[in-house]
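Encoded as structure tokens, the structure appears first; notes follow it.
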Amino acid sequence: MPGEASRARKTAAAKAGADIRGEVLLTLAQLRLATPRQLKALLLPHQQDTDHVRRALRNLRDESPALVGRTHRAQQSYWYCTPAGLAEAAASGELAPRGGRTTGKRIAASKTGLREHGLALVDTVVAFHQAEAADCADWLVEVAHPTPAGNLVPDGVVLLADGSSAFVEIDRTMSYARLLAKLERYDAYRNAPASGRGNAARAPRSHWQETYAGPSLDRPFPPVLFVFAPAPRRAAPDTRESAFHQRAQHVHGVNYRIIVATTTLEQLNRQGPDEPVWRVAGRGAGEDRCSLDALPKAR
């Protein structure tokens with residue numbers, strides 16, 4: 001009958017939208033915002049279009065109260081969790097427990113580049129996910145880490161497929177002075193004194209040891225991965241990357257206590273993190289690039 005095939009496709013899309021409803025909600029709660037294209041790449045990579053993801057988003061938006069919201073600019077939609085959506089995602093028990101989760105509404109509506117920064121982080125998550133270097137569920141966004149000089153807040157922390165972790169920083173418009181100041185904050189976090197009293201079985205540990213070193217302290221300090229993304233009226237990412245390396249040579253501890261590696265978002269998207277896209281920063285590091293698993297270990 002005329003229209004029957006079309007109705008069948010719409011029914012299939014509705015079913016698929018319902019099937020991935022929970023995954024879409026959890027992903028937005030975790031990453032704060034995403035486009036339908038990014039959600040498709042993470043959740044339905046073999047689908048040719050975003051129809052199923054868009055149906056899931058509409059279903060979540062149409063609930064009462066709405067679980068997701070949308071900002072629409074320049075023929076692109078940016079989706080985020082509402083407070084009700086965050087509450088439902090947290091109640092599922094599928095999110096890593098942490099305080100301070102916020103909706104992505106302010107970021108999605110931003111006109112200052114904050115939205116593009118958040119989207120570049122999601123593109124980085126997609127690149128790691130597609131290379132099977134880390135699952136999209138194994139990321140934490142903007143979690144505070146205490147140091148004697150104040151909190152260190154990485155753009156992202158990722159649990160890699162080999163069980164180790166890495167800090168991830170996205171740069172689009174930050175000054176070199178602020179980038180180097182953040183490196184110094186990582187050094188302060190790495191060298192923060194142990195907290196707590198310990199016990200008869202083990203000595204007191206610092207925050208990074210408790211969080212990332214494993215029960216037997218056999219894992220080194222996680223590498224800090226900088227991803228340089230494009231921004232209007234800024235030098236090209238590869239130019240900024242090279243300038244960063246010149247300055248990072250003079251930061252104490254880099255390429256010794258802290259391993260810092262850089263790439264551009266374009267290289268990461270084109271080749272993936274498991275390919276030789278990472279350039280190690282620091283005195284004597286050179287310009288050769290290596291894969292993620294070939295990065296040197298912090299001492």
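Chains: A, B, ... in order of the structure tokens. Residues: from 1 per chain. Ligands: from 1, in order shown.
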Secondary structure check, strand (DSSP E or B) residues of region 91-220 of chain A, as a PyMOL selection string: chain A and resi 139-141+145+152+156-159+165-171+195+205
Selection: 7 Å around Ser195 (chain A), only C-alpha atoms, excl. self and same-chain fewer than 2 positions, as a list of chain:residue names: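 Everything that qualifies: A:Pro193, A:Arg197, A:Pro204, A:Arg205, A:Ser206.
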Selected residue, from A:Ala34, A:Leu43, A:Ala134, A:Leu183, that lies nearest to Arg115 (chain A) when counting only C-alpha atoms: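 For Arg115 (chain A), the nearest of the given residues is A:Ala34.
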Test item, alpha helix (DSSP H) assignment across region 16-96 of chain A, answer as an MDAnalysis selection string: chainID A and resid 16:19 21:31 36:43 51:62 83:91
Closest pair table for region 245-293 of chain A residues within 10 Å of region 159-173 of chain A, only C-alpha atoms, as JSON lines:
{"residue": "A:Val260", "atom": "CA", "partner": "A:Phe167", "partner_atom": "CA", "distance": 9.5}
{"residue": "A:Ala261", "atom": "CA", "partner": "A:Val168", "partner_atom": "CA", "distance": 9.8}
{"residue": "A:Thr262", "atom": "CA", "partner": "A:Glu169", "partner_atom": "CA", "distance": 9.4}
{"residue": "A:Thr264", "atom": "CA", "partner": "A:Asp171", "partner_atom": "CA", "distance": 9.4}
{"residue": "A:Leu265", "atom": "CA", "partner": "A:Ile170", "partner_atom": "CA", "distance": 8.9}
{"residue": "A:Leu292", "atom": "CA", "partner": "A:Leu160", "partner_atom": "CA", "distance": 9.8}
{"residue": "A:Asp293", "atom": "CA", "partner": "A:Asp162", "partner_atom": "CA", "distance": 8.9}
Selection from above, N, CA, C and O atoms, as a compact mmCIF listing (two decimals), in the first residue's frame, can you write it?
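Produced file out08.txt, reproduced below:
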# COMPACT_ATOMS: atom_id res chain seq x y z
N VAL A 260 54.00 15.27 29.28
CA VAL A 260 53.06 16.11 28.55
C VAL A 260 53.19 15.78 27.08
O VAL A 260 54.30 15.77 26.54
N ALA A 261 52.08 15.50 26.42
CA ALA A 261 52.09 15.19 24.98
C ALA A 261 50.99 15.98 24.31
O ALA A 261 49.94 16.25 24.91
N THR A 262 51.22 16.36 23.07
CA THR A 262 50.28 17.21 22.35
C THR A 262 49.94 16.64 20.99
O THR A 262 50.68 15.86 20.40
N THR A 264 46.94 17.84 17.48
CA THR A 264 45.87 18.72 17.05
C THR A 264 44.59 17.89 16.89
O THR A 264 44.65 16.67 16.67
N LEU A 265 43.47 18.56 17.01
CA LEU A 265 42.19 17.85 16.88
C LEU A 265 42.05 17.24 15.49
O LEU A 265 41.52 16.13 15.34
N LEU A 292 49.76 6.55 21.60
CA LEU A 292 49.41 6.72 23.00
C LEU A 292 50.14 5.71 23.88
O LEU A 292 50.68 6.04 24.94
N ASP A 293 50.16 4.45 23.44
CA ASP A 293 50.78 3.42 24.28
C ASP A 293 52.30 3.46 24.25
O ASP A 293 52.96 2.75 25.01
Contacts of region 232-238 of chain A at 12 Å (only C-alpha atoms; same-chain gap of 3+ positions) as a ChimeraX atom specification: /A:112-113,116,170-175,226-229,241-245,262-268,277,279
Include N, CA, C and O atoms and write out the residues we just selected as an mmCIF file, in the first residue's frame.
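What landed in result-v4.cif:
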data_model
loop_
_atom_site.group_PDB
_atom_site.id
_atom_site.type_symbol
_atom_site.label_atom_id
_atom_site.label_comp_id
_atom_site.auth_asym_id
_atom_site.auth_seq_id
_atom_site.Cartn_x
_atom_site.Cartn_y
_atom_site.Cartn_z
ATOM 1 N N THR A 112 30.787 32.910 23.739
ATOM 2 C CA THR A 112 32.170 33.304 24.016
ATOM 3 C C THR A 112 33.185 32.236 23.620
ATOM 4 O O THR A 112 34.354 32.357 23.937
ATOM 5 N N GLY A 113 32.765 31.188 22.943
ATOM 6 C CA GLY A 113 33.674 30.117 22.595
ATOM 7 C C GLY A 113 33.609 28.953 23.553
ATOM 8 O O GLY A 113 34.215 27.907 23.309
ATOM 9 N N GLU A 116 32.097 25.914 21.791
ATOM 10 C CA GLU A 116 33.018 25.253 20.859
ATOM 11 C C GLU A 116 34.091 24.475 21.612
ATOM 12 O O GLU A 116 34.540 23.424 21.164
ATOM 13 N N ILE A 170 41.908 20.683 26.414
ATOM 14 C CA ILE A 170 41.567 21.212 25.094
ATOM 15 C C ILE A 170 41.986 22.673 25.039
ATOM 16 O O ILE A 170 41.640 23.454 25.942
ATOM 17 N N ASP A 171 42.733 23.054 24.020
ATOM 18 C CA ASP A 171 43.076 24.466 23.884
ATOM 19 C C ASP A 171 42.561 25.016 22.566
ATOM 20 O O ASP A 171 42.823 24.451 21.503
ATOM 21 N N ARG A 172 41.834 26.116 22.646
ATOM 22 C CA ARG A 172 41.408 26.855 21.460
ATOM 23 C C ARG A 172 41.907 28.302 21.518
ATOM 24 O O ARG A 172 42.425 28.808 20.538
ATOM 25 N N THR A 173 41.752 28.950 22.665
ATOM 26 C CA THR A 173 42.023 30.390 22.754
ATOM 27 C C THR A 173 42.844 30.777 23.978
ATOM 28 O O THR A 173 43.090 31.959 24.186
ATOM 29 N N MET A 174 43.272 29.828 24.799
ATOM 30 C CA MET A 174 43.966 30.179 26.029
ATOM 31 C C MET A 174 45.353 30.750 25.721
ATOM 32 O O MET A 174 46.037 30.293 24.807
ATOM 33 N N SER A 175 45.769 31.742 26.496
ATOM 34 C CA SER A 175 47.105 32.315 26.310
ATOM 35 C C SER A 175 48.157 31.291 26.716
ATOM 36 O O SER A 175 47.911 30.392 27.520
ATOM 37 N N PHE A 226 47.437 17.387 25.661
ATOM 38 C CA PHE A 226 46.879 18.635 25.142
ATOM 39 C C PHE A 226 46.420 18.416 23.704
ATOM 40 O O PHE A 226 47.184 17.918 22.868
ATOM 41 N N VAL A 227 45.192 18.826 23.423
ATOM 42 C CA VAL A 227 44.631 18.763 22.073
ATOM 43 C C VAL A 227 44.366 20.194 21.621
ATOM 44 O O VAL A 227 43.551 20.904 22.219
ATOM 45 N N PHE A 228 45.052 20.628 20.572
ATOM 46 C CA PHE A 228 44.899 21.993 20.062
ATOM 47 C C PHE A 228 43.840 22.001 18.956
ATOM 48 O O PHE A 228 43.973 21.317 17.946
ATOM 49 N N ALA A 229 42.783 22.764 19.194
ATOM 50 C CA ALA A 229 41.633 22.813 18.288
ATOM 51 C C ALA A 229 41.562 24.181 17.612
ATOM 52 O O ALA A 229 42.046 25.177 18.157
ATOM 53 N N GLU A 241 50.611 24.651 18.676
ATOM 54 C CA GLU A 241 51.260 23.491 19.278
ATOM 55 C C GLU A 241 52.771 23.672 19.323
ATOM 56 O O GLU A 241 53.416 23.420 20.356
ATOM 57 N N SER A 242 53.366 24.122 18.222
ATOM 58 C CA SER A 242 54.817 24.319 18.172
ATOM 59 C C SER A 242 55.260 25.394 19.158
ATOM 60 O O SER A 242 56.281 25.238 19.848
ATOM 61 N N ALA A 243 54.508 26.486 19.235
ATOM 62 C CA ALA A 243 54.853 27.552 20.179
ATOM 63 C C ALA A 243 54.746 27.071 21.619
ATOM 64 O O ALA A 243 55.569 27.436 22.479
ATOM 65 N N PHE A 244 53.768 26.254 21.899
ATOM 66 C CA PHE A 244 53.618 25.687 23.240
ATOM 67 C C PHE A 244 54.842 24.846 23.607
ATOM 68 O O PHE A 244 55.357 24.920 24.727
ATOM 69 N N HIS A 245 55.334 24.048 22.662
ATOM 70 C CA HIS A 245 56.492 23.202 22.945
ATOM 71 C C HIS A 245 57.724 24.043 23.273
ATOM 72 O O HIS A 245 58.504 23.678 24.170
ATOM 73 N N THR A 262 51.224 16.358 23.068
ATOM 74 C CA THR A 262 50.285 17.215 22.348
ATOM 75 C C THR A 262 49.939 16.636 20.987
ATOM 76 O O THR A 262 50.684 15.858 20.399
ATOM 77 N N THR A 263 48.779 17.068 20.496
ATOM 78 C CA THR A 263 48.379 16.799 19.121
ATOM 79 C C THR A 263 47.377 17.875 18.721
ATOM 80 O O THR A 263 47.021 18.742 19.533
ATOM 81 N N THR A 264 46.943 17.838 17.482
ATOM 82 C CA THR A 264 45.868 18.721 17.048
ATOM 83 C C THR A 264 44.593 17.893 16.891
ATOM 84 O O THR A 264 44.651 16.675 16.673
ATOM 85 N N LEU A 265 43.465 18.560 17.007
ATOM 86 C CA LEU A 265 42.189 17.850 16.876
ATOM 87 C C LEU A 265 42.052 17.235 15.489
ATOM 88 O O LEU A 265 41.517 16.132 15.335
ATOM 89 N N GLU A 266 42.576 17.927 14.480
ATOM 90 C CA GLU A 266 42.488 17.399 13.112
ATOM 91 C C GLU A 266 43.269 16.087 12.990
ATOM 92 O O GLU A 266 42.779 15.123 12.407
ATOM 93 N N GLN A 267 44.475 16.041 13.538
ATOM 94 C CA GLN A 267 45.255 14.797 13.501
ATOM 95 C C GLN A 267 44.571 13.691 14.290
ATOM 96 O O GLN A 267 44.534 12.534 13.863
ATOM 97 N N LEU A 268 44.036 14.052 15.446
ATOM 98 C CA LEU A 268 43.378 13.062 16.291
ATOM 99 C C LEU A 268 42.165 12.468 15.590
ATOM 100 O O LEU A 268 41.950 11.249 15.605
ATOM 101 N N VAL A 277 50.432 10.270 16.717
ATOM 102 C CA VAL A 277 49.972 11.658 16.611
ATOM 103 C C VAL A 277 50.458 12.508 17.788
ATOM 104 O O VAL A 277 50.279 13.727 17.778
ATOM 105 N N ARG A 279 53.125 14.300 20.286
ATOM 106 C CA ARG A 279 54.482 14.843 20.390
ATOM 107 C C ARG A 279 54.764 15.149 21.855
ATOM 108 O O ARG A 279 54.031 15.915 22.487
#
Spatial neighbours of region 138-145 of chain A, max dist 8 Å, only C-alpha atoms, sep filter under 5 positions, as a PyMOL selection string: chain A and resi 30-31+125+151-160+189+207
Distance of CA of Arg185 (chain A) from CA of Tyr256 (chain A), expressed in Å to one decimal place: 15.3 Å
Closest of A:Arg101, A:Lys297, A:His72, A:Arg37 to Thr50 (chain A) - atom-to-atom distances counting only C-alpha atoms: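 Result for the nearest residue to Thr50 (chain A): A:Arg37.
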Who sits within 7 Å of region 88-98 of chain A, only C-alpha atoms, same chain under 4 positions skipped, as a list in words: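 Result of the neighbour search: Leu25, Leu26, Ala29 and Ala84 of chain A.
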Distance in Å - CA of Cys81 (chain A) versus CA of Pro146 (chain A): 27.3 Å
Atom-to-atom span, CA of Glu210 (chain A) and CA of Pro296 (chain A), Å: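 These atoms are spaced 21.7 Å apart.
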Selected residue, from A:Lys111, A:Arg178, A:Arg289, A:His252, that lies nearest to Arg73 (chain A) when counting only C-alpha atoms: A:Lys111
Residue among A:Ala248, A:Ala120, A:Ala231, A:Ala203 lying closest to Ala285 (chain A), counting only C-alpha atoms: A:Ala248
Nearest residue to Ala281 (chain A) from the set A:Leu180, A:Ala74, A:Leu217, A:Arg190 (distances using only C-alpha atoms):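 For Ala281 (chain A), the nearest of the given residues is A:Leu180.
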